[in-house]
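What follows is a set of notes on a single structure, which appears directly below.
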Amino acid sequence: MTEKIFYQDSYQKAHQSEVVAVLDNGIVMESTIFYPLGGGQPGDTGVLMLQGKEYRVTETAYANDKVMIVHHLNADDLLAFKVGDQVDMVLDWERRHRHMRMHTSLHLMCHLITAQATGGSIGEINSRIDFDLQGQVVDKDNLTIKMNRLINRQLSVSIGSITDEALTKNPALVRTMSVQPPTGQGSVRTVTIVDTDYQPCGGTHVSNTAEIGEVIVTKIKNKGKQNKRISLALVNP
Ligand SMILES: [Zn+2]
């Protein structure tokens, strides 16, 4: 299992680790700061450094076993790596930080809209989240104002955990019908935004809503009979 440094410290930008496997699409290291694609959040990109040379990580994703995290490299670059190599890794931090800002803003949206989320996708500048609104009317400009009001309250964001048992007893905590949290390890990671939102989540987040900066709700679109797709963007990426 790859040790997830990005969960211990989502702000760590560089790290050194040892190669434990070379696969046909990328390499696996003992530990990593690279977030793997999942939960609507893209996988990280960045560079690996080995013997003074830089190699691009084009994507990060879980291997088929859902346990190992694979740093995808171009086929030619892959030839340079072998098991046991000590590798320095550096994140494309600006990109990752935008994902953290966008991701945290979607949690605020979950506080303002009480309906179940049925899907979502996080981008660097634009993100979207689908809600089963059940007839609830949402106004774009009003939602923008409320979002920025929450952001400006400088609410702190913290990470915790909930036992599988407690989560089973309180299924309403899960806000996304499409993505169920990974139970079976005894407990599940949770994210709390003070006074605002509390839910199981495996993504990376900023530690204070002030870091998100101003956002704008750009579009609310019908998506099926009851679903509405809400698009959100960072005003100052
Ligand atoms: Zn989250």
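Following the order of the structure tokens, chains are lettered A, B, ..., residues in each are numbered from 1, and ligands are numbered from 1.
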query: Excluding same-chain residues fewer than 2 positions from Val47 in chain A, what lies within 6 Å of it counting only C-alpha atoms, as an NGL selection string?
result: :A and (55-57 or 89-90)
Distance query Ser207 in chain A at most 8 Å, only C-alpha atoms, self and fewer than 2 positions along chain excluded, as a list in words: Ser156, Val157, Ser158, His205, Thr209 and Glu211 of chain A
query: Using the chain letters and numbers from this document, which residues of range 27-111 of chain A does DSSP assign to helix (DSSP H, G or I), as an NGL selection string?
result: :A and (75-78 or 93-111)
Would you put the residues from that selection into a file with C-alpha atoms, as a PDB file, in the first residue's frame?
ATOM      1  CA  ALA A  75       7.167   5.099 -22.047  1.00  0.00           C
ATOM      2  CA  ASP A  76      10.703   6.387 -22.758  1.00  0.00           C
ATOM      3  CA  ASP A  77      11.026   8.013 -19.323  1.00  0.00           C
ATOM      4  CA  LEU A  78       9.861   4.856 -17.613  1.00  0.00           C
ATOM      5  CA  TRP A  93       1.486  22.967  -6.800  1.00  0.00           C
ATOM      6  CA  GLU A  94      -0.502  25.820  -8.377  1.00  0.00           C
ATOM      7  CA  ARG A  95      -2.731  23.282 -10.128  1.00  0.00           C
ATOM      8  CA  ARG A  96      -3.203  21.137  -7.030  1.00  0.00           C
ATOM      9  CA  HIS A  97      -3.925  24.183  -4.869  1.00  0.00           C
ATOM     10  CA  ARG A  98      -6.667  25.269  -7.303  1.00  0.00           C
ATOM     11  CA  HIS A  99      -8.170  21.779  -7.012  1.00  0.00           C
ATOM     12  CA  MET A 100      -8.102  22.169  -3.214  1.00  0.00           C
ATOM     13  CA  ARG A 101      -9.801  25.571  -3.428  1.00  0.00           C
ATOM     14  CA  MET A 102     -12.457  24.334  -5.865  1.00  0.00           C
ATOM     15  CA  HIS A 103     -13.022  21.139  -3.899  1.00  0.00           C
ATOM     16  CA  THR A 104     -13.535  23.014  -0.625  1.00  0.00           C
ATOM     17  CA  SER A 105     -15.953  25.416  -2.327  1.00  0.00           C
ATOM     18  CA  LEU A 106     -18.112  22.451  -3.381  1.00  0.00           C
ATOM     19  CA  HIS A 107     -18.428  21.514   0.300  1.00  0.00           C
ATOM     20  CA  LEU A 108     -19.783  25.016   0.963  1.00  0.00           C
ATOM     21  CA  MET A 109     -22.263  24.475  -1.857  1.00  0.00           C
ATOM     22  CA  CYS A 110     -23.415  21.268  -0.129  1.00  0.00           C
ATOM     23  CA  HIS A 111     -24.212  23.377   2.924  1.00  0.00           C
TER      24      HIS A 111
END
message: Just to confirm, what's the straight-line distance from CA of Lys228 in chain A to CA of Leu133 in chain A in Å (one decimal)?
response: 6.8 Å
task: Tell me, as a list in words, which residues lie within 10 Å of Ile5 in chain A, counting only C-alpha atoms; anything in the same chain fewer than 3 positions away does not count.
output: Thr2, Gln8, Asp9, Ser10, Tyr11, Gln12, His15, Ser31, Thr32, Ile33, Phe34 and Tyr35 of chain A
Write a file of the just-selected residues containing N, CA, C and O atoms, as a short mmCIF file (atom, residue, chain, number, x, y, z; two decimals), in the first residue's frame.
data_model
loop_
_atom_site.label_atom_id
_atom_site.label_comp_id
_atom_site.auth_asym_id
_atom_site.auth_seq_id
_atom_site.Cartn_x
_atom_site.Cartn_y
_atom_site.Cartn_z
N THR A 2 0.59 2.18 -0.89
CA THR A 2 1.37 3.43 -0.94
C THR A 2 0.98 4.32 0.24
O THR A 2 -0.20 4.55 0.48
N GLN A 8 -1.60 13.30 5.26
CA GLN A 8 -0.96 13.80 6.48
C GLN A 8 -0.75 15.30 6.39
O GLN A 8 -0.89 16.02 7.37
N ASP A 9 -0.38 15.77 5.18
CA ASP A 9 -0.17 17.19 4.95
C ASP A 9 -0.48 17.51 3.49
O ASP A 9 0.31 17.23 2.60
N SER A 10 -1.66 18.10 3.26
CA SER A 10 -2.09 18.40 1.89
C SER A 10 -1.28 19.54 1.28
O SER A 10 -1.43 19.85 0.11
N TYR A 11 -0.44 20.20 2.10
CA TYR A 11 0.33 21.36 1.62
C TYR A 11 1.77 21.00 1.28
O TYR A 11 2.54 21.88 0.89
N GLN A 12 2.14 19.74 1.43
CA GLN A 12 3.53 19.36 1.13
C GLN A 12 3.73 19.34 -0.38
O GLN A 12 3.02 18.64 -1.10
N HIS A 15 8.90 15.90 -1.94
CA HIS A 15 9.03 14.72 -1.09
C HIS A 15 10.02 13.76 -1.74
O HIS A 15 10.20 13.78 -2.95
N SER A 31 5.92 5.99 -0.70
CA SER A 31 5.00 7.02 -0.21
C SER A 31 4.93 8.13 -1.26
O SER A 31 5.83 8.27 -2.08
N THR A 32 3.84 8.89 -1.21
CA THR A 32 3.71 9.95 -2.24
C THR A 32 2.91 11.16 -1.76
O THR A 32 2.06 11.05 -0.87
N ILE A 33 3.22 12.32 -2.36
CA ILE A 33 2.44 13.54 -2.13
C ILE A 33 1.46 13.75 -3.29
O ILE A 33 0.67 14.68 -3.27
N PHE A 34 1.50 12.88 -4.30
CA PHE A 34 0.64 13.02 -5.48
C PHE A 34 -0.74 12.39 -5.22
O PHE A 34 -0.85 11.20 -4.97
N TYR A 35 -1.79 13.22 -5.32
CA TYR A 35 -3.16 12.74 -5.11
C TYR A 35 -3.61 11.94 -6.35
O TYR A 35 -3.49 12.42 -7.48
#
- line: Among A:Thr192, A:Thr118, A:Gln41, A:Thr144, Thr218 in chain A is approached most closely, using only C-alpha atoms, by A:Thr144
message: Write out as a PyMOL selection string the set of residues from range 89-228 of chain A that DSSP, computed on the backbone, places in strand (DSSP E or B).
response: chain A and resi 89-91+116-121+126-132+156-163+176+187-193+197-200+208+215-223+227-228
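In this model, the gap between CA of Gly43 in chain A and CA of Glu59 in chain A comes to 5.8 Å.
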